[in-house]
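File shown: query26.txt (compact mmCIF, C-alpha atoms and all ligand atoms).
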```txt
# COMPACT_ATOMS: atom_id res chain seq x y z
CA MET A 1030 -5.35 14.83 19.25
CA SER A 1031 -7.44 17.21 17.20
CA LYS A 1032 -9.54 16.13 14.25
CA THR A 1033 -8.91 19.47 12.54
CA TRP A 1034 -5.14 19.07 12.32
CA ARG A 1035 -3.77 18.81 8.83
CA PRO A 1036 -1.87 15.67 7.79
CA ALA A 1037 1.67 16.91 8.52
CA THR A 1038 0.66 17.69 12.10
CA GLN A 1039 -1.31 14.48 12.60
CA LEU A 1040 1.68 12.47 11.44
CA VAL A 1041 3.91 13.94 14.14
CA HIS A 1042 1.43 14.07 17.04
CA GLY A 1043 -1.61 11.93 16.20
CA GLY A 1044 -2.43 9.05 18.57
CA THR A 1045 0.45 9.71 21.00
CA LEU A 1046 0.02 7.94 24.36
CA ARG A 1047 2.47 9.55 26.79
CA SER A 1048 3.44 7.59 29.89
CA GLN A 1049 3.87 9.08 33.38
CA TYR A 1050 7.46 9.98 32.40
CA GLY A 1051 6.39 12.47 29.73
CA GLU A 1052 8.78 11.10 27.08
CA THR A 1053 9.04 13.15 23.86
CA SER A 1054 9.45 10.17 21.53
CA GLU A 1055 6.82 7.46 21.69
CA ALA A 1056 7.70 4.58 24.03
CA ILE A 1057 8.17 1.03 22.75
CA TYR A 1058 6.05 -1.29 24.86
CA LEU A 1059 7.67 -4.65 24.27
CA THR A 1060 5.35 -6.80 26.30
CA GLN A 1061 3.29 -9.87 25.59
CA GLY A 1062 0.78 -9.48 28.39
CA PHE A 1063 -0.62 -7.00 30.91
CA VAL A 1064 -1.20 -7.33 34.68
CA TYR A 1065 -4.36 -6.44 36.57
CA ASP A 1066 -4.51 -5.05 40.12
CA THR A 1067 -7.30 -7.41 41.15
CA SER A 1068 -9.28 -10.41 39.91
CA GLU A 1069 -12.24 -8.12 39.54
CA ALA A 1070 -10.22 -5.81 37.31
CA ALA A 1071 -9.24 -8.76 35.09
CA GLU A 1072 -12.86 -9.87 34.91
CA ALA A 1073 -14.04 -6.39 33.97
CA ARG A 1074 -11.34 -6.09 31.28
CA PHE A 1075 -12.35 -9.40 29.74
CA LYS A 1076 -16.02 -8.43 29.81
CA GLY A 1077 -15.13 -5.24 27.95
CA GLU A 1078 -16.42 -3.09 30.82
CA THR A 1079 -13.11 -1.27 31.18
CA ASP A 1080 -10.73 -0.09 28.49
CA GLY A 1081 -7.25 -1.52 28.36
CA PHE A 1082 -5.04 -4.13 26.82
CA ILE A 1083 -5.31 -7.89 27.38
CA TYR A 1084 -2.71 -9.56 25.21
CA ALA A 1085 -0.31 -8.27 22.56
CA ARG A 1086 -1.85 -10.44 19.84
CA TYR A 1087 -5.06 -8.40 20.31
CA GLY A 1088 -3.48 -4.98 20.73
CA SER A 1089 -0.78 -3.10 22.62
CA PRO A 1090 0.14 0.54 23.34
CA THR A 1091 2.77 1.21 20.66
CA ASN A 1092 0.64 -0.52 18.03
CA ASP A 1093 -2.35 1.48 19.23
CA MET A 1094 -0.46 4.73 18.62
CA PHE A 1095 0.43 3.61 15.09
CA GLU A 1096 -3.16 2.55 14.36
CA LYS A 1097 -4.59 5.84 15.69
CA ARG A 1098 -2.09 7.90 13.70
CA MET A 1099 -2.97 5.99 10.53
CA CYS A 1100 -6.70 6.50 11.24
CA ALA A 1101 -6.13 10.25 11.61
CA LEU A 1102 -4.29 10.37 8.29
CA GLU A 1103 -6.73 8.19 6.39
CA GLY A 1104 -9.92 9.58 7.92
CA ALA A 1105 -10.85 6.06 9.07
CA GLU A 1106 -12.66 5.18 12.29
CA ASP A 1107 -10.58 2.15 13.18
CA ALA A 1108 -7.58 0.10 12.08
CA ARG A 1109 -5.51 -2.99 12.81
CA ALA A 1110 -1.73 -3.04 12.35
CA THR A 1111 -0.35 -6.23 10.83
CA ALA A 1112 3.08 -7.85 10.52
CA SER A 1113 3.30 -7.18 6.78
CA GLY A 1114 1.32 -5.74 3.91
CA MET A 1115 0.37 -9.24 2.80
CA ALA A 1116 -0.99 -10.05 6.27
CA ALA A 1117 -3.17 -6.93 5.92
CA VAL A 1118 -4.43 -7.85 2.43
CA THR A 1119 -5.12 -11.49 3.35
CA ALA A 1120 -6.93 -10.55 6.56
CA ALA A 1121 -8.99 -7.82 4.87
CA ILE A 1122 -10.19 -10.22 2.18
CA LEU A 1123 -10.61 -13.52 4.04
CA CYS A 1124 -12.14 -12.12 7.23
CA GLN A 1125 -15.31 -11.12 5.39
CA LEU A 1126 -15.80 -14.09 3.06
CA LYS A 1127 -17.00 -17.69 3.24
CA ALA A 1128 -17.18 -20.62 0.83
CA GLY A 1129 -19.53 -19.82 -2.06
CA ASP A 1130 -18.73 -16.09 -2.09
CA HIS A 1131 -17.22 -14.38 -5.12
CA ILE A 1132 -14.49 -11.76 -5.54
CA VAL A 1133 -14.03 -9.46 -8.53
CA ALA A 1134 -10.45 -8.18 -8.67
CA ALA A 1135 -8.40 -6.13 -11.10
CA ARG A 1136 -5.86 -8.40 -12.80
CA ALA A 1137 -3.10 -5.82 -12.38
CA LEU A 1138 -2.19 -6.59 -8.77
CA PHE A 1139 0.97 -6.91 -6.71
CA GLY A 1140 2.10 -10.53 -7.29
CA SER A 1141 1.28 -11.91 -3.83
CA CYS A 1142 -2.10 -10.12 -3.80
CA ARG A 1143 -2.94 -11.81 -7.06
CA TRP A 1144 -1.92 -15.19 -5.59
CA VAL A 1145 -4.23 -14.65 -2.60
CA VAL A 1146 -7.32 -14.06 -4.74
CA GLU A 1147 -6.45 -16.27 -7.71
CA THR A 1148 -4.90 -19.31 -5.97
CA LEU A 1149 -5.53 -19.26 -2.21
CA ALA A 1150 -9.17 -18.11 -2.03
CA PRO A 1151 -10.47 -20.81 -4.45
CA LYS A 1152 -8.98 -23.52 -2.17
CA TYR A 1153 -11.61 -22.45 0.37
CA GLY A 1154 -14.45 -22.29 -2.12
CA ILE A 1155 -14.22 -18.54 -2.75
CA GLU A 1156 -14.20 -17.91 -6.49
CA CYS A 1157 -12.48 -14.97 -8.11
CA THR A 1158 -12.88 -13.25 -11.46
CA LEU A 1159 -9.94 -11.14 -12.63
CA VAL A 1160 -10.77 -8.22 -14.91
CA ASP A 1161 -8.98 -5.46 -16.78
CA GLY A 1162 -9.82 -2.92 -14.09
CA ARG A 1163 -9.32 0.14 -16.28
CA TYR A 1164 -12.82 -0.17 -17.72
CA LEU A 1165 -15.87 0.01 -15.43
CA GLU A 1166 -17.96 -2.19 -17.73
CA ASN A 1167 -15.59 -5.10 -17.02
CA TRP A 1168 -16.31 -4.83 -13.30
CA GLU A 1169 -20.02 -4.68 -13.98
CA LYS A 1170 -19.97 -7.71 -16.31
CA ALA A 1171 -18.12 -9.83 -13.75
CA ILE A 1172 -20.70 -9.36 -10.98
CA THR A 1173 -22.64 -12.49 -9.97
CA ALA A 1174 -25.32 -13.04 -7.33
CA LYS A 1175 -22.50 -14.16 -5.02
CA THR A 1176 -20.15 -11.19 -5.43
CA LYS A 1177 -19.17 -9.88 -2.00
CA VAL A 1178 -15.81 -8.16 -2.51
CA PHE A 1179 -14.18 -5.96 -5.15
CA PHE A 1180 -10.41 -5.72 -4.82
CA LEU A 1181 -8.08 -3.33 -6.59
CA GLU A 1182 -4.82 -1.45 -6.54
CA SER A 1183 -4.48 2.01 -8.09
CA PRO A 1184 -2.08 3.05 -9.50
CA THR A 1185 -0.98 -0.49 -10.28
CA ASN A 1186 2.38 -2.19 -10.11
CA PRO A 1187 4.40 -1.73 -12.29
CA THR A 1188 2.65 -0.04 -15.20
CA LEU A 1189 0.85 2.64 -13.15
CA GLU A 1190 -2.59 2.04 -14.65
CA VAL A 1191 -5.44 3.49 -12.62
CA VAL A 1192 -8.90 2.28 -11.66
CA ASP A 1193 -11.88 4.63 -11.22
CA ILE A 1194 -12.39 3.97 -7.49
CA ALA A 1195 -15.64 5.97 -7.16
CA GLY A 1196 -17.05 4.16 -10.20
CA VAL A 1197 -16.21 0.72 -8.77
CA ALA A 1198 -17.64 1.74 -5.37
CA LYS A 1199 -20.90 2.76 -7.02
CA LEU A 1200 -21.22 -0.66 -8.68
CA ALA A 1201 -20.34 -2.42 -5.43
CA ASN A 1202 -22.95 -0.48 -3.48
CA GLN A 1203 -25.63 -1.52 -5.99
CA VAL A 1204 -25.02 -5.18 -5.10
CA GLY A 1205 -24.06 -4.74 -1.44
CA ALA A 1206 -20.41 -5.72 -1.99
CA LYS A 1207 -17.41 -4.16 -0.24
CA VAL A 1208 -14.52 -2.45 -2.05
CA VAL A 1209 -11.02 -3.15 -0.73
CA VAL A 1210 -8.32 -0.80 -2.05
CA ASP A 1211 -4.60 -1.52 -1.80
CA ASN A 1212 -3.45 2.11 -1.66
CA VAL A 1213 0.32 1.54 -1.47
CA PHE A 1214 1.30 3.11 -4.78
CA ALA A 1215 -0.83 6.24 -4.28
CA THR A 1216 0.27 6.68 -0.63
CA PRO A 1217 -2.26 7.97 1.96
CA LEU A 1218 -1.28 11.52 0.98
CA PHE A 1219 -2.34 11.47 -2.68
CA GLN A 1220 -5.48 9.32 -2.64
CA LYS A 1221 -8.28 8.83 -0.11
CA PRO A 1222 -10.18 5.68 -1.11
CA LEU A 1223 -12.68 5.98 1.77
CA GLU A 1224 -13.70 9.45 0.58
CA LEU A 1225 -14.11 8.02 -2.93
CA GLY A 1226 -16.58 5.44 -1.60
CA ALA A 1227 -14.34 2.41 -0.94
CA HIS A 1228 -15.05 0.55 2.30
CA ILE A 1229 -11.66 -0.83 3.33
CA VAL A 1230 -8.12 0.46 2.70
CA VAL A 1231 -4.98 -1.63 3.11
CA TYR A 1232 -1.31 -0.67 3.12
CA SER A 1233 2.01 -2.32 3.07
CA ALA A 1234 3.61 0.03 5.62
CA THR A 1235 6.88 -1.54 4.51
CA LYS A 1236 6.87 0.92 1.60
CA HIS A 1237 6.53 4.72 1.96
CA ILE A 1238 5.33 4.63 5.58
CA ASP A 1239 8.58 3.16 6.84
CA GLY A 1240 10.30 4.58 3.80
CA GLN A 1241 13.76 3.81 5.06
CA GLY A 1242 14.11 0.12 4.32
CA ARG A 1243 13.98 -1.11 7.94
CA CYS A 1244 10.98 -3.27 8.70
CA LEU A 1245 7.85 -4.89 7.36
CA GLY A 1246 4.38 -3.78 8.38
CA GLY A 1247 0.83 -3.43 7.19
CA VAL A 1248 -2.46 -1.90 8.21
CA VAL A 1249 -6.17 -2.41 7.48
CA LEU A 1250 -8.45 0.63 7.90
CA SER A 1251 -12.23 0.92 7.75
CA ASP A 1252 -15.28 2.02 9.71
CA LYS A 1253 -15.73 0.73 13.23
CA GLU A 1254 -18.74 -1.40 12.37
CA TRP A 1255 -16.95 -3.33 9.60
CA ILE A 1256 -13.89 -3.89 11.78
CA ASP A 1257 -16.00 -5.04 14.77
CA GLU A 1258 -18.09 -7.41 12.69
CA ASN A 1259 -15.44 -8.80 10.35
CA LEU A 1260 -11.82 -8.17 11.24
CA HIS A 1261 -11.89 -8.05 15.04
CA ASP A 1262 -12.23 -11.78 15.79
CA TYR A 1263 -10.26 -12.91 12.71
CA PHE A 1264 -7.35 -10.69 13.77
CA ARG A 1265 -7.37 -11.87 17.40
CA HIS A 1266 -7.54 -15.54 16.63
CA THR A 1267 -5.34 -15.92 13.54
CA GLY A 1268 -2.53 -13.72 14.88
CA PRO A 1269 -1.18 -11.43 12.12
CA ALA A 1270 -0.31 -8.72 14.71
CA MET A 1271 2.59 -6.33 14.11
CA SER A 1272 5.60 -6.39 16.42
CA PRO A 1273 5.56 -3.36 18.78
CA PHE A 1274 9.15 -2.67 17.80
CA ASN A 1275 8.08 -2.37 14.16
CA ALA A 1276 5.10 -0.21 15.17
CA TRP A 1277 7.56 2.15 16.84
CA THR A 1278 9.85 2.22 13.79
CA LEU A 1279 6.84 2.99 11.60
CA LEU A 1280 5.66 5.75 13.97
CA LYS A 1281 9.04 7.40 13.47
CA GLY A 1282 8.88 6.84 9.71
CA ILE A 1283 5.42 8.29 9.35
CA GLU A 1284 6.49 11.60 10.97
CA THR A 1285 8.50 12.41 7.85
CA LEU A 1286 6.15 10.82 5.29
CA PRO A 1287 4.97 14.14 3.77
CA LEU A 1288 8.53 15.48 3.46
CA ARG A 1289 9.83 12.31 1.86
CA VAL A 1290 6.89 11.77 -0.49
CA LYS A 1291 7.10 15.39 -1.63
CA GLN A 1292 10.77 15.08 -2.55
CA GLN A 1293 10.30 11.62 -4.06
CA THR A 1294 7.39 12.84 -6.20
CA GLN A 1295 9.33 15.89 -7.36
CA ASN A 1296 12.26 13.65 -8.30
CA ALA A 1297 9.99 11.15 -10.06
CA ALA A 1298 8.26 13.90 -12.06
CA LYS A 1299 11.55 15.45 -13.21
CA ILE A 1300 13.05 12.07 -14.11
CA ALA A 1301 9.87 11.14 -16.02
CA ASP A 1302 10.11 14.36 -18.05
CA PHE A 1303 13.81 13.77 -18.68
CA LEU A 1304 13.30 10.16 -19.80
CA ALA A 1305 10.42 11.13 -22.11
CA GLU A 1306 12.91 13.20 -24.14
CA GLN A 1307 15.45 10.41 -24.60
CA GLY A 1308 15.73 8.60 -27.93
CA LYS A 1309 16.44 5.22 -26.32
CA VAL A 1310 13.20 5.36 -24.32
CA ALA A 1311 10.10 4.06 -26.12
CA LYS A 1312 7.58 5.39 -23.61
CA VAL A 1313 7.18 6.78 -20.12
CA ILE A 1314 4.14 6.19 -17.91
CA TYR A 1315 3.85 8.66 -15.05
CA PRO A 1316 0.60 9.57 -13.29
CA GLY A 1317 1.66 13.21 -13.04
CA ARG A 1318 2.10 13.68 -16.81
CA LYS A 1319 -0.61 14.89 -19.16
CA ASP A 1320 0.17 12.05 -21.57
CA HIS A 1321 -0.82 9.36 -19.05
CA PRO A 1322 -3.53 7.33 -20.86
CA GLN A 1323 -5.96 7.83 -17.95
CA ALA A 1324 -5.09 11.42 -17.01
CA ASP A 1325 -8.82 12.24 -16.63
CA ILE A 1326 -9.34 9.65 -13.86
CA ILE A 1327 -6.11 10.67 -12.15
CA ALA A 1328 -7.28 14.30 -12.07
CA LYS A 1329 -10.54 13.14 -10.48
CA GLN A 1330 -9.16 10.97 -7.70
CA MET A 1331 -5.51 11.80 -6.97
CA THR A 1332 -4.02 14.95 -5.49
CA GLY A 1333 -0.44 14.22 -6.50
CA GLY A 1334 1.53 12.31 -9.12
CA SER A 1335 3.55 9.35 -7.94
CA THR A 1336 6.90 8.44 -6.47
CA LEU A 1337 7.15 5.75 -9.17
CA VAL A 1338 7.90 5.98 -12.87
CA CYS A 1339 7.45 3.17 -15.37
CA PHE A 1340 9.29 3.34 -18.69
CA GLU A 1341 10.17 1.14 -21.60
CA LEU A 1342 13.50 0.95 -23.36
CA LYS A 1343 13.56 0.43 -27.11
CA GLY A 1344 16.39 -2.09 -26.77
CA GLY A 1345 14.34 -4.59 -24.69
CA LYS A 1346 15.84 -6.69 -21.91
CA GLU A 1347 19.43 -6.09 -22.98
CA ALA A 1348 19.02 -2.32 -22.80
CA ALA A 1349 17.10 -2.53 -19.51
CA PHE A 1350 19.85 -4.62 -17.90
CA ALA A 1351 22.60 -2.36 -19.29
CA LEU A 1352 20.86 0.74 -17.92
CA GLN A 1353 20.34 -0.77 -14.48
CA ASN A 1354 23.93 -2.01 -14.32
CA ALA A 1355 25.33 1.38 -15.32
CA LEU A 1356 23.41 3.39 -12.70
CA GLU A 1357 25.55 4.39 -9.72
CA ILE A 1358 23.23 6.18 -7.31
CA VAL A 1359 20.06 4.28 -8.19
CA LYS A 1360 20.19 0.78 -6.73
CA ILE A 1361 18.76 -2.38 -8.28
CA SER A 1362 16.04 -3.59 -5.90
CA ASN A 1363 12.48 -4.86 -6.17
CA ASN A 1364 11.46 -2.80 -3.12
CA LEU A 1365 9.85 0.64 -3.44
CA GLY A 1366 8.89 3.76 -1.52
CA ASP A 1367 12.38 4.00 -0.01
CA SER A 1368 14.44 7.16 0.51
CA LYS A 1369 17.02 5.50 -1.75
CA SER A 1370 16.13 5.43 -5.45
CA LEU A 1371 15.47 1.84 -6.51
CA ILE A 1372 15.04 0.34 -9.96
CA THR A 1373 13.73 -3.04 -11.06
CA HIS A 1374 13.11 -5.03 -14.23
CA PRO A 1375 9.64 -6.52 -13.61
CA ALA A 1376 9.74 -9.24 -16.30
CA THR A 1377 12.69 -10.99 -14.62
CA THR A 1378 11.90 -10.18 -10.97
CA THR A 1379 8.52 -9.11 -9.51
CA HIS A 1380 6.47 -10.48 -12.44
CA LYS A 1381 8.65 -13.42 -13.49
CA ASN A 1382 6.00 -15.94 -12.31
CA LEU A 1383 3.43 -14.71 -14.82
CA THR A 1384 3.31 -16.13 -18.32
CA GLU A 1385 4.61 -14.00 -21.19
CA GLU A 1386 0.97 -13.43 -22.29
CA ALA A 1387 -0.17 -12.41 -18.78
CA ARG A 1388 2.74 -9.96 -18.65
CA ALA A 1389 1.82 -8.57 -22.06
CA GLU A 1390 -1.79 -8.10 -20.88
CA LEU A 1391 -0.45 -5.96 -18.04
CA GLY A 1392 1.72 -3.95 -20.41
CA ILE A 1393 4.99 -5.42 -19.13
CA SER A 1394 7.43 -5.94 -21.99
CA PRO A 1395 11.08 -7.10 -21.89
CA GLY A 1396 12.15 -3.43 -21.99
CA THR A 1397 9.90 -2.30 -19.10
CA VAL A 1398 11.67 -0.83 -16.08
CA ARG A 1399 10.14 0.50 -12.85
CA LEU A 1400 11.82 3.27 -10.90
CA SER A 1401 10.97 4.15 -7.31
CA ALA A 1402 12.39 7.65 -6.84
CA GLY A 1403 14.20 8.36 -3.59
CA ILE A 1404 14.90 11.62 -1.76
CA GLU A 1405 18.35 12.25 -3.24
CA ASP A 1406 19.23 15.49 -5.05
CA THR A 1407 17.23 15.70 -8.28
CA ASP A 1408 20.17 16.78 -10.45
CA ASP A 1409 22.36 13.94 -9.19
CA LEU A 1410 19.66 11.46 -10.17
CA ILE A 1411 19.18 12.97 -13.62
CA GLU A 1412 22.95 12.94 -14.20
CA ASP A 1413 23.01 9.29 -13.10
CA PHE A 1414 20.33 8.44 -15.70
CA ALA A 1415 22.00 10.53 -18.44
CA ARG A 1416 25.33 8.81 -17.87
CA ALA A 1417 23.81 5.32 -17.63
CA LEU A 1418 21.68 5.82 -20.76
CA SER A 1419 24.78 6.85 -22.70
CA LYS A 1420 26.14 3.35 -22.02
CA VAL A 1421 23.04 1.64 -23.42
CA SER A 1422 23.62 0.64 -27.05
CA GLY A 1423 21.05 1.51 -29.73
C1 LIG B 1501 4.74 -4.51 -1.14
C2 LIG B 1501 3.31 -4.54 -1.48
C3 LIG B 1501 2.44 -5.44 -0.85
C4 LIG B 1501 2.91 -6.44 0.17
O1 LIG B 1501 3.45 -5.85 1.30
P1 LIG B 1501 4.55 -6.55 2.26
O2 LIG B 1501 4.73 -5.56 3.34
O3 LIG B 1501 5.76 -6.80 1.42
O4 LIG B 1501 3.93 -7.83 2.73
C5 LIG B 1501 1.11 -5.42 -1.22
N1 LIG B 1501 0.65 -4.57 -2.15
C6 LIG B 1501 1.45 -3.70 -2.78
C7 LIG B 1501 0.88 -2.78 -3.82
C8 LIG B 1501 2.81 -3.64 -2.48
O5 LIG B 1501 3.61 -2.78 -3.10
```

Would you kindly transcribe this structure into structure tokens?
Ligand SMILES: *Cc1c(COP(=O)(O)O)cnc(C)c1O
Amino acid sequence: MSKTWRPATQLVHGGTLRSQYGETSEAIYLTQGFVYDTSEAAEARFKGETDGFIYARYGSPTNDMFEKRMCALEGAEDARATASGMAAVTAAILCQLKAGDHIVAARALFGSCRWVVETLAPKYGIECTLVDGRYLENWEKAITAKTKVFFLESPTNPTLEVVDIAGVAKLANQVGAKVVVDNVFATPLFQKPLELGAHIVVYSATKHIDGQGRCLGGVVLSDKEWIDENLHDYFRHTGPAMSPFNAWTLLKGIETLPLRVKQQTQNAAKIADFLAEQGKVAKVIYPGRKDHPQADIIAKQMTGGSTLVCFELKGGKEAAFALQNALEIVKISNNLGDSKSLITHPATTTHKNLTEEARAELGISPGTVRLSAGIEDTDDLIEDFARALSKVSG
């Protein structure tokens, strides 16, 4: 593996461990344990004097390949692969906190992430303040003497708001807190939180990294020191490890990540421009468009638009449902990052557990719809939207 390889090369070759058989495709090591030639060898392995695997909950060869490939892509020193994105988020946050500590988090978070900081953490004496993360002064005002972690997602789900990651990192460094960024929506290709000053990056690999709707997965990435001191023991003893089979599936998925994300982003951008011209559409929010309310921050921290488009129909819920039901190629699903185009109505699905006011705060109205663009032919998708919109009354 070479550190100078560009992402597309790293994603095909990075981290490969080839067995004595010289297989082209990475092997799946479905094993729980490992055997040692001698008692002395086992002793040395347990003492950490020799490299090697001990037990699949701690680490295993296929997972190691996935972790190393993700490190190469992210520019991180170390990583741990987890069974799901939520296992990654929960581990990244809880492993470094204790009762009495304080989290500042952006209120616009993936639903389960918000539950972890707003509902779970306080049960263990870890308080959390949720802020409108778009404005740096809100982060600053929420800091207390006990603040240890800042947590954010950017762009956010579903309204594609962005947070100034470098600005938040600067505030965190002033008080010795760590910044955890959930980078799912940006993808590792379009945003590098570690380069912007964040300390820990988490992914749901379920999304673009698999990208083909097959398995769940997650990953936590950071510097070696943070992982050794915080995540290492937590990960070994609480057991959120990824299945080696899923690590293999994700290794295959990640090979084509740049190709898929490129086509998905191109489709999303064209659909966003098309929708912005339609009379039945009240507004379109797309990070690649100049009319995005935070276009200046996007230009500073992202190198690409997004595979997601958020838009609002003038006819509210009725129009949103009619549009979704009339689409033929685009499927109704709350998932995202898939090679199939997927559409969802956040108010009745992903964000149904929030109150009407909390939804309004996040910019989610009854007419809000979120599209995750797939890799289909652009013109077919636009024709699908044109035809479906013609069936929406108003
Ligand atoms: C999907 C998602 C998660 C959770 O990941 P799972 O793999 O479903 O557990 C966390 N954050 C964001 C932004 C997501 O989109």

- Item | Shell of 7 Å around ligand LIG 1501 (chain B) (only C-alpha atoms and all ligand atoms), written as a list in words |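 I would give the residues around ligand LIG 1501 (chain B) as Ser1113, Gly1114, Met1115, Ala1116, Leu1138, Phe1139, Ser1141, Cys1142, Glu1182, Asn1186, Asp1211, Asn1212, Val1213, Phe1214, Tyr1232, Ser1233, Ala1234, Thr1235, Lys1236, Leu1245, Gly1246 and Gly1247 of chain A.
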
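Nearest to Gln1295 of chain A of all the residues A:Ile1404, A:Ala1389, A:Ile1327, A:Ile1314 is A:Ile1404, counting only C-alpha atoms.
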
Can you write out as JSON lines which residues of segment 1270-1350 of chain A fall within 12 Å of segment 1059-1067 of chain A, alongside each residue's closest atom pair and its distance in Å to one decimal, counting all atoms listed in the file and ordering rows by chain and ascending residue number?
```
{"residue": "A:Ala1270", "atom": "CA", "partner": "A:Gln1061", "partner_atom": "CA", "distance": 11.5}
{"residue": "A:Met1271", "atom": "CA", "partner": "A:Leu1059", "partner_atom": "CA", "distance": 11.5}
{"residue": "A:Ser1272", "atom": "CA", "partner": "A:Leu1059", "partner_atom": "CA", "distance": 8.3}
{"residue": "A:Pro1273", "atom": "CA", "partner": "A:Leu1059", "partner_atom": "CA", "distance": 6.0}
{"residue": "A:Phe1274", "atom": "CA", "partner": "A:Leu1059", "partner_atom": "CA", "distance": 6.9}
{"residue": "A:Asn1275", "atom": "CA", "partner": "A:Leu1059", "partner_atom": "CA", "distance": 10.4}
{"residue": "A:Ala1276", "atom": "CA", "partner": "A:Leu1059", "partner_atom": "CA", "distance": 10.4}
{"residue": "A:Trp1277", "atom": "CA", "partner": "A:Leu1059", "partner_atom": "CA", "distance": 10.1}
```

- Message: Residues within 10 Å of segment 1032-1037 of chain A, please, as an MDAnalysis selection string. Count all atoms listed in the file; anything in the same chain fewer than 3 positions from it doesn't count.
- Response: chainID A and resid 1040:1043 1098 1101:1104 1217:1218 1283:1288

- Query: What separation in Å, quoted to one decimal, exists between atom CA of Phe1082 of chain A and atom CA of Met1094 of chain A?
  - Reply: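 Spanning atom CA of Phe1082 of chain A to atom CA of Met1094 of chain A is a straight-line distance of 12.9 Å.
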
- Counting all atoms listed in the file, figure out which residue out of A:Thr1407, A:Thr1278, A:Gln1330, A:Asn1259 gets nearest to Lys1299 of chain A.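 Using all atoms listed in the file, Lys1299 of chain A sits closest to A:Thr1407.
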
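Note that the spacing between atom CA of Gly1403 of chain A and atom CA of Asp1367 of chain A amounts to 5.9 Å.
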
- Message: Set the distance at 10 Å and use all atoms listed in the file: which residues neighbour Leu1149 of chain A once local chain neighbours fewer than 6 positions away are removed? I'd like the list as a VMD selection string.
- Response: chain A and resid 1119 1123 1142 to 1143 1155 to 1156

Keeping only C-alpha atoms, write the selected residues to a file as a PDB file, in the frame of the given file.
```pdb
ATOM      1  CA  THR A1119      -5.120 -11.490   3.350  1.00  0.00           C
ATOM      2  CA  LEU A1123     -10.610 -13.520   4.040  1.00  0.00           C
ATOM      3  CA  CYS A1142      -2.100 -10.120  -3.800  1.00  0.00           C
ATOM      4  CA  ARG A1143      -2.940 -11.810  -7.060  1.00  0.00           C
ATOM      5  CA  ILE A1155     -14.220 -18.540  -2.750  1.00  0.00           C
ATOM      6  CA  GLU A1156     -14.200 -17.910  -6.490  1.00  0.00           C
TER       7      GLU A1156
END
```

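Ranking A:Ile1361, A:Ala1137, A:Ile1172, A:Leu1126 by their shortest atom-to-atom distance to Pro1151 of chain A, with all atoms listed in the file included, puts A:Leu1126 first.
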
- Residue among A:Gly1226, A:Pro1187, A:Gly1366, A:Pro1316 lying closest to Arg1243 of chain A, counting only C-alpha atoms: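 Closest candidate: A:Gly1366.
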
Tell me, as a short mmCIF file (atom, residue, chain, number, x, y, z; two decimals) with C-alpha atoms, keeping the file's coordinate frame, which residues lie within 12 Å of Glu1357 of chain A, counting all atoms listed in the file; anything in the same chain fewer than 2 positions away does not count.
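Ended up saving to selection29.cif:
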```cif
data_model
loop_
_atom_site.label_atom_id
_atom_site.label_comp_id
_atom_site.auth_asym_id
_atom_site.auth_seq_id
_atom_site.Cartn_x
_atom_site.Cartn_y
_atom_site.Cartn_z
CA LEU A 1352 20.86 0.74 -17.92
CA GLN A 1353 20.34 -0.77 -14.48
CA ASN A 1354 23.93 -2.01 -14.32
CA ALA A 1355 25.33 1.38 -15.32
CA VAL A 1359 20.06 4.28 -8.19
CA LYS A 1360 20.19 0.78 -6.73
CA ILE A 1361 18.76 -2.38 -8.28
CA LYS A 1369 17.02 5.50 -1.75
CA SER A 1370 16.13 5.43 -5.45
CA LEU A 1371 15.47 1.84 -6.51
CA ILE A 1372 15.04 0.34 -9.96
CA ASP A 1409 22.36 13.94 -9.19
CA LEU A 1410 19.66 11.46 -10.17
CA ILE A 1411 19.18 12.97 -13.62
CA GLU A 1412 22.95 12.94 -14.20
CA ASP A 1413 23.01 9.29 -13.10
CA PHE A 1414 20.33 8.44 -15.70
CA ALA A 1415 22.00 10.53 -18.44
CA ARG A 1416 25.33 8.81 -17.87
CA ALA A 1417 23.81 5.32 -17.63
CA LEU A 1418 21.68 5.82 -20.76
#
```
